[in-house]
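One structure is given here, and the rest of the page talks about it.
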Amino acid sequence: MKTVWLFCTVIDNFGDIGVAWRLARELRSRLNVKVFLFLDNWDALMQLAPNFADERDVVVKRWREHEWADCDHVPLPDLTIETFACGLPESVLLKIKKNQSLWLNWEYLSAEDWAVKTHAMPSLQGDGYPKYFWQMGFVPESGGLIRERDFRLPEKTFPKENNALNVLIFGYRSAIWADILRAWQTLGWCVNVDLAGGQVAASLRESGFLPEKGAECVSGSLKIRQIDFVPQADFDDLLARYDWLFVRGEDSFVRAQFSGKPLFWHIYPQDELAHLDKLDAFWQTVFGDNHTVWQQAYQSLSRELNGDFRLPENERLAHWQTLRQHENEWRQSAQSWQQNLFNQKDALSRLADWLAQK
């Protein structure tokens with residue numbers, strides 16, 4: 001059995017380890033390898049996968065970026081993957097080169113042109129050793145998305161309460177959440193809002209929209225509650241409960257697309273609004289150049305959510321009203337995009353094909 005070393009530094013709560021853990025399990029399953037996952041935050045993994053220690057042929061080891069890794073008694077790697085350009089210690093680099101291991105940088109998800117063009121391209125290091133870039137993406141020319149070979153959509157159905165809209169919000173801290181919920185209140189929508197993670201709830205408390213204590217409250221036509229964290233294995237079932245999804249990070253964003261539900265992506269904010277380029281590239285890939293009335297409303301709300309500007313209240317209300325009136329078209333668009341992704345090879349199939357040529 002061949003050996004894979006996979007390195008992950010937890011930066012964005014569960015986004016990094018969410019991708020790395022899913023990748024580790026699929027590498028084991030699809031390539032028939034033993035995976036050693038080097039991780040600097042075991043607490044994050046414990047929440048995401050409480051039974052990770054029982055995973056067959058996936059062994060979790062400790063490391064610290066740039067400094068050291070617990071790899072002295074670990075078989076040398078045939079394939080080494082650093083997730084999201086984390087910095088490998090010199091001792092690890094020596095072992096990689098000694099064993100002539102293939103070396104990949106599993107990059108952040110992007111639909112930008114540069115990411116597609118650099119996919120699987122080598123970057124020669126100072127000593128001439130090649131490191132290849134694996135660019136996850138949404139088109140056949142990219143590195144694809146991690147999707148299990150036996151992936152199935154949840155078959156559960158959930159009854160609607162008084163025709164209320166069921167919405168999941170899993171996002172970063174921002175003052176915009178209060179503006180969004182106030183808009184729904186003003187429009188008189190009956191909405192059941194579930195808050196995942198603590199950042200959105202904290203933002204709403206800071207704005208005075210939520211009381212300081214309590215996991216549930218009623219605010220006008222809105223019923224708001226903070227829900228418990230769910231392990232990664234249960235996340236698809238959670239998404240199936242809702243009509244609309246607001247998600248952050250990468251793993252959650254990909255699973256939301258697989259759900260076929262209408263969604264908003266709250267991107268991890270970057271300096272000088274650099275994250276907006278990534279946002280625009282994605283929606284350009286999905287929508288193309290011909291934007292309908294509801295897509296234009298959606299784009300404005302999406303850019304406001306991600307910090308590009310603040311809309312005047314009357315415009316915000318008008319855009320939400322437009323989106324609700326065209327909800328069926330929005331849902332059909334999401335389902336069409338879902339099928340587009342399902343019709344493509346997943347990331348592990350593409351990786352297996354690429355490795356076969358090496």
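FYI, nothing fancy with the structure tokens labels: chains A, B, ... in order, residues from 1 per chain, ligands from 1 as they appear.
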Surrounding residues of region 166-179 of chain A excluding itself and chain neighbours under 2 positions, 6 Å, only C-alpha atoms, as number ranges by chain: A: 181-182, 191-196, 199-200, 203-204, 242-248, 266
Select from region 238-268 of chain A every residue with an atom at most 9 Å from any atom of region 136-152 of chain A, then for each give the shortest pair of atoms and their distance in Å to one decimal, using only C-alpha atoms, rows by chain and rising number, as a Markdown table.
| residue | atom | partner | partner_atom | distance |
| --- | --- | --- | --- | --- |
| A:Asp251 | CA | A:Ile146 | CA | 8.7 |
| A:Val254 | CA | A:Leu145 | CA | 7.5 |
| A:Arg255 | CA | A:Arg147 | CA | 8.8 |
| A:Phe258 | CA | A:Arg147 | CA | 8.8 |
Write out the residues from the selection above, keeping N, CA and C atoms, as an mmCIF file, in the first residue's frame.
data_model
loop_
_atom_site.group_PDB
_atom_site.id
_atom_site.type_symbol
_atom_site.label_atom_id
_atom_site.label_comp_id
_atom_site.auth_asym_id
_atom_site.auth_seq_id
_atom_site.Cartn_x
_atom_site.Cartn_y
_atom_site.Cartn_z
ATOM 1 N N ASP A 251 -15.583 24.041 2.104
ATOM 2 C CA ASP A 251 -16.272 22.756 2.150
ATOM 3 C C ASP A 251 -17.781 22.960 2.246
ATOM 4 N N VAL A 254 -19.157 24.155 -1.149
ATOM 5 C CA VAL A 254 -19.278 23.082 -2.142
ATOM 6 C C VAL A 254 -20.476 22.190 -1.837
ATOM 7 N N ARG A 255 -20.657 21.834 -0.561
ATOM 8 C CA ARG A 255 -21.785 20.965 -0.224
ATOM 9 C C ARG A 255 -23.116 21.671 -0.466
ATOM 10 N N PHE A 258 -23.853 21.212 -4.031
ATOM 11 C CA PHE A 258 -24.308 19.849 -4.279
ATOM 12 C C PHE A 258 -25.771 19.660 -3.853
#
Which residues, written as a VMD selection string, have at least one atom at most 8 Å from Val4 (chain A), with only C-alpha atoms counted and residues fewer than 3 positions away on the same chain left out? chain A and resid 33 to 36 77 to 81
Could you write out the selected residues, including N, CA, C and O atoms, as a PDB file, in the first residue's frame?
ATOM      1  N   VAL A  33      -4.719   4.025  -0.585  1.00  0.00           N
ATOM      2  CA  VAL A  33      -3.456   4.416   0.042  1.00  0.00           C
ATOM      3  C   VAL A  33      -3.674   4.566   1.542  1.00  0.00           C
ATOM      4  O   VAL A  33      -4.801   4.668   2.027  1.00  0.00           O
ATOM      5  N   LYS A  34      -2.569   4.608   2.271  1.00  0.00           N
ATOM      6  CA  LYS A  34      -2.619   4.953   3.695  1.00  0.00           C
ATOM      7  C   LYS A  34      -2.261   6.421   3.826  1.00  0.00           C
ATOM      8  O   LYS A  34      -1.247   6.872   3.285  1.00  0.00           O
ATOM      9  N   VAL A  35      -3.111   7.162   4.516  1.00  0.00           N
ATOM     10  CA  VAL A  35      -2.949   8.603   4.608  1.00  0.00           C
ATOM     11  C   VAL A  35      -2.516   8.993   6.014  1.00  0.00           C
ATOM     12  O   VAL A  35      -3.122   8.565   7.000  1.00  0.00           O
ATOM     13  N   PHE A  36      -1.459   9.781   6.074  1.00  0.00           N
ATOM     14  CA  PHE A  36      -1.039  10.391   7.332  1.00  0.00           C
ATOM     15  C   PHE A  36      -1.381  11.883   7.243  1.00  0.00           C
ATOM     16  O   PHE A  36      -0.800  12.612   6.430  1.00  0.00           O
ATOM     17  N   PRO A  77       6.658   9.159   2.073  1.00  0.00           N
ATOM     18  CA  PRO A  77       5.493   9.337   1.203  1.00  0.00           C
ATOM     19  C   PRO A  77       5.787   9.077  -0.275  1.00  0.00           C
ATOM     20  O   PRO A  77       6.846   9.421  -0.789  1.00  0.00           O
ATOM     21  N   ASP A  78       4.806   8.495  -0.947  1.00  0.00           N
ATOM     22  CA  ASP A  78       4.823   8.438  -2.408  1.00  0.00           C
ATOM     23  C   ASP A  78       4.196   9.707  -2.990  1.00  0.00           C
ATOM     24  O   ASP A  78       4.549  10.142  -4.088  1.00  0.00           O
ATOM     25  N   LEU A  79       3.267  10.274  -2.244  1.00  0.00           N
ATOM     26  CA  LEU A  79       2.589  11.510  -2.632  1.00  0.00           C
ATOM     27  C   LEU A  79       2.495  12.399  -1.408  1.00  0.00           C
ATOM     28  O   LEU A  79       2.091  11.950  -0.330  1.00  0.00           O
ATOM     29  N   THR A  80       2.884  13.658  -1.564  1.00  0.00           N
ATOM     30  CA  THR A  80       2.790  14.640  -0.483  1.00  0.00           C
ATOM     31  C   THR A  80       1.882  15.775  -0.930  1.00  0.00           C
ATOM     32  O   THR A  80       2.058  16.333  -2.013  1.00  0.00           O
ATOM     33  N   ILE A  81       0.911  16.115  -0.079  1.00  0.00           N
ATOM     34  CA  ILE A  81      -0.028  17.194  -0.399  1.00  0.00           C
ATOM     35  C   ILE A  81      -0.007  18.216   0.728  1.00  0.00           C
ATOM     36  O   ILE A  81      -0.292  17.874   1.887  1.00  0.00           O
TER      37      ILE A  81
END
Filtered DSSP result for region 224-346 of chain A, state strand (DSSP E), as an mmCIF file with C-alpha atoms, in the first residue's frame:
data_model
loop_
_atom_site.group_PDB
_atom_site.id
_atom_site.type_symbol
_atom_site.label_atom_id
_atom_site.label_comp_id
_atom_site.auth_asym_id
_atom_site.auth_seq_id
_atom_site.Cartn_x
_atom_site.Cartn_y
_atom_site.Cartn_z
ATOM 1 C CA ILE A 224 -34.486 32.896 15.137
ATOM 2 C CA ARG A 225 -32.554 30.177 16.874
ATOM 3 C CA GLN A 226 -28.934 29.198 17.297
ATOM 4 C CA TRP A 244 -32.232 29.050 1.304
ATOM 5 C CA LEU A 245 -28.631 28.670 2.409
ATOM 6 C CA PHE A 246 -26.050 31.242 3.460
ATOM 7 C CA VAL A 247 -22.708 29.478 3.755
ATOM 8 C CA ARG A 248 -19.093 30.415 4.300
ATOM 9 C CA LEU A 263 -27.548 29.932 -1.797
ATOM 10 C CA PHE A 264 -25.410 32.906 -0.909
ATOM 11 C CA TRP A 265 -21.651 32.553 -0.419
ATOM 12 C CA HIS A 266 -20.128 34.594 2.388
#
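Atom to atom, CA of Asp346 (chain A) and CA of Arg241 (chain A) stand 25.0 Å apart.
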Find the residues around region 277-284 of chain A up to 8 Å (only C-alpha atoms counted), leave out those fewer than 4 positions away in its own chain, and share them as a ChimeraX atom specification. /A:110-112,267,288-289
Same residues, all heavy atoms, saved as a CSV table (one decimal), in the first residue's frame:
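The result, written out as result.csv:
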chain,number,residue,atom,x,y,z
A,110,SER,N,-11.2,28.3,-6.5
A,110,SER,CA,-11.4,29.5,-7.3
A,110,SER,C,-11.9,29.2,-8.7
A,110,SER,O,-11.5,28.2,-9.3
A,110,SER,CB,-10.1,30.3,-7.3
A,110,SER,OG,-10.3,31.5,-8.1
A,111,ALA,N,-12.7,30.2,-9.2
A,111,ALA,CA,-13.1,30.1,-10.6
A,111,ALA,C,-12.4,31.1,-11.5
A,111,ALA,O,-12.7,31.2,-12.7
A,111,ALA,CB,-14.6,30.4,-10.7
A,112,GLU,N,-11.4,31.8,-10.9
A,112,GLU,CA,-10.6,32.8,-11.6
A,112,GLU,C,-9.8,32.1,-12.8
A,112,GLU,O,-9.4,31.0,-12.6
A,112,GLU,CB,-9.8,33.6,-10.7
A,112,GLU,CG,-10.6,34.4,-9.7
A,112,GLU,CD,-9.7,34.9,-8.6
A,112,GLU,OE1,-9.4,34.2,-7.6
A,112,GLU,OE2,-9.3,36.1,-8.6
A,267,ILE,N,-17.9,34.9,1.6
A,267,ILE,CA,-16.5,34.6,1.4
A,267,ILE,C,-15.6,35.1,2.6
A,267,ILE,O,-16.0,36.2,3.1
A,267,ILE,CB,-15.9,35.1,0.1
A,267,ILE,CG1,-16.6,34.6,-1.1
A,267,ILE,CG2,-14.4,34.9,-0.1
A,267,ILE,CD1,-16.1,35.0,-2.4
A,288,GLY,N,-23.0,33.4,-16.4
A,288,GLY,CA,-22.6,33.9,-17.7
A,288,GLY,C,-22.9,35.4,-17.8
A,288,GLY,O,-22.9,36.1,-16.9
A,289,ASP,N,-23.0,35.9,-19.1
A,289,ASP,CA,-23.1,37.3,-19.3
A,289,ASP,C,-24.6,37.8,-19.3
A,289,ASP,O,-24.8,39.0,-19.2
A,289,ASP,CB,-22.5,37.7,-20.7
A,289,ASP,CG,-21.0,37.4,-20.6
A,289,ASP,OD1,-20.4,37.7,-19.6
A,289,ASP,OD2,-20.5,37.0,-21.7
All residues 8 Å or closer to region 89-94 of chain A, only C-alpha atoms, same chain fewer than 2 positions away omitted, as an MDAnalysis selection string: chainID A and resid 65:69 71 87 96:98
Restricting it to C-alpha atoms, dump the selection as an mmCIF file, in the first residue's frame.
data_model
loop_
_atom_site.group_PDB
_atom_site.id
_atom_site.type_symbol
_atom_site.label_atom_id
_atom_site.label_comp_id
_atom_site.auth_asym_id
_atom_site.auth_seq_id
_atom_site.Cartn_x
_atom_site.Cartn_y
_atom_site.Cartn_z
ATOM 1 C CA GLU A 65 3.950 24.886 10.104
ATOM 2 C CA HIS A 66 7.554 25.680 9.081
ATOM 3 C CA GLU A 67 8.900 24.161 12.306
ATOM 4 C CA TRP A 68 8.471 20.416 12.847
ATOM 5 C CA ALA A 69 6.341 17.349 12.087
ATOM 6 C CA CYS A 71 7.114 11.928 11.003
ATOM 7 C CA GLY A 87 4.742 25.893 4.812
ATOM 8 C CA ILE A 96 10.042 14.213 0.337
ATOM 9 C CA LYS A 97 13.046 14.663 -1.895
ATOM 10 C CA LYS A 98 14.844 11.616 -0.536
#
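The shortest atom-to-atom distance to Asp237 (chain A), with only C-alpha atoms taken into account, belongs to A:Leu153 out of A:Leu153, A:Ala44, A:Ile180, A:Leu348.
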Nearest-residue call for Arg56 (chain A), choices A:Val10, A:Cys86, A:Ala202, A:Ala24, using only C-alpha atoms: A:Ala24
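Proximity to Leu311 (chain A) at 10 Å, evaluated using only C-alpha atoms and with sequence-adjacent residues fewer than 6 positions away removed, yields A:Asp179, A:Ser300, A:Leu301, A:Arg303, A:Glu304, A:Leu305, A:Leu317, A:His319.
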Take the residues that were just selected and, keeping N, CA, C and O atoms, output them as an mmCIF file, in the first residue's frame.
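See out31.cif below for the written result:
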data_model
loop_
_atom_site.group_PDB
_atom_site.id
_atom_site.type_symbol
_atom_site.label_atom_id
_atom_site.label_comp_id
_atom_site.auth_asym_id
_atom_site.auth_seq_id
_atom_site.Cartn_x
_atom_site.Cartn_y
_atom_site.Cartn_z
ATOM 1 N N ASP A 179 -29.129 44.038 8.917
ATOM 2 C CA ASP A 179 -29.814 44.705 7.805
ATOM 3 C C ASP A 179 -30.650 43.717 6.998
ATOM 4 O O ASP A 179 -31.770 44.028 6.565
ATOM 5 N N SER A 300 -26.485 42.187 -6.570
ATOM 6 C CA SER A 300 -26.376 43.348 -5.686
ATOM 7 C C SER A 300 -26.396 42.911 -4.223
ATOM 8 O O SER A 300 -25.589 43.380 -3.404
ATOM 9 N N LEU A 301 -27.304 42.006 -3.879
ATOM 10 C CA LEU A 301 -27.381 41.523 -2.499
ATOM 11 C C LEU A 301 -26.133 40.732 -2.109
ATOM 12 O O LEU A 301 -25.642 40.829 -0.981
ATOM 13 N N ARG A 303 -23.068 41.104 -3.342
ATOM 14 C CA ARG A 303 -21.934 42.012 -3.176
ATOM 15 C C ARG A 303 -22.072 42.829 -1.894
ATOM 16 O O ARG A 303 -21.076 43.125 -1.232
ATOM 17 N N GLU A 304 -23.291 43.179 -1.517
ATOM 18 C CA GLU A 304 -23.471 43.865 -0.241
ATOM 19 C C GLU A 304 -23.098 42.940 0.914
ATOM 20 O O GLU A 304 -22.421 43.346 1.865
ATOM 21 N N LEU A 305 -23.551 41.704 0.845
ATOM 22 C CA LEU A 305 -23.222 40.727 1.876
ATOM 23 C C LEU A 305 -21.720 40.606 2.055
ATOM 24 O O LEU A 305 -21.217 40.468 3.185
ATOM 25 N N LEU A 317 -34.662 46.443 -0.004
ATOM 26 C CA LEU A 317 -35.998 45.852 0.058
ATOM 27 C C LEU A 317 -36.479 45.426 -1.321
ATOM 28 O O LEU A 317 -37.054 44.334 -1.488
ATOM 29 N N HIS A 319 -34.691 44.583 -3.929
ATOM 30 C CA HIS A 319 -33.941 43.419 -4.413
ATOM 31 C C HIS A 319 -34.432 42.139 -3.744
ATOM 32 O O HIS A 319 -34.581 41.097 -4.414
#
Judged by only C-alpha atoms, the minimum distance to Glu26 (chain A) among A:Ala120, A:Leu104, A:Asn99, A:Leu351 is found for A:Leu351
Interatomic distance (Å, one decimal) between CA of Val60 (chain A) and CA of Leu109 (chain A): 23.8 Å
When you count only C-alpha atoms, which of these residues is closest to Gly198 (chain A): A:Phe52, A:Phe229, A:Phe309, A:Phe342? A:Phe229
Best match for closeness to Phe7 (chain A) among A:Leu39, A:Leu124, A:Val58, A:Val74, counting only C-alpha atoms: A:Leu39
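Using only C-alpha atoms, the protein and nucleic acid residues lying no more than 12 Å from Glu155 (chain A), apart from those fewer than 6 places from it along its own chain, are Asp236, Asp237, Leu238, Leu239, Ala240, Arg241 and Ser259 of chain A.
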Could you save the residues just selected, with N, CA and C atoms, as an mmCIF file, in the first residue's frame?
data_model
loop_
_atom_site.group_PDB
_atom_site.id
_atom_site.type_symbol
_atom_site.label_atom_id
_atom_site.label_comp_id
_atom_site.auth_asym_id
_atom_site.auth_seq_id
_atom_site.Cartn_x
_atom_site.Cartn_y
_atom_site.Cartn_z
ATOM 1 N N ASP A 236 -24.751 17.366 5.128
ATOM 2 C CA ASP A 236 -25.654 17.298 3.968
ATOM 3 C C ASP A 236 -27.103 17.161 4.424
ATOM 4 N N ASP A 237 -27.336 16.374 5.474
ATOM 5 C CA ASP A 237 -28.692 16.228 6.007
ATOM 6 C C ASP A 237 -29.193 17.550 6.575
ATOM 7 N N LEU A 238 -28.301 18.303 7.190
ATOM 8 C CA LEU A 238 -28.691 19.611 7.724
ATOM 9 C C LEU A 238 -29.126 20.540 6.600
ATOM 10 N N LEU A 239 -28.344 20.604 5.532
ATOM 11 C CA LEU A 239 -28.675 21.494 4.411
ATOM 12 C C LEU A 239 -30.035 21.155 3.801
ATOM 13 N N ALA A 240 -30.377 19.882 3.814
ATOM 14 C CA ALA A 240 -31.629 19.439 3.192
ATOM 15 C C ALA A 240 -32.861 20.008 3.885
ATOM 16 N N ARG A 241 -32.718 20.532 5.077
ATOM 17 C CA ARG A 241 -33.847 21.046 5.840
ATOM 18 C C ARG A 241 -34.323 22.423 5.378
ATOM 19 N N SER A 259 -26.233 20.452 -2.888
ATOM 20 C CA SER A 259 -27.614 20.305 -2.396
ATOM 21 C C SER A 259 -28.642 20.777 -3.418
#
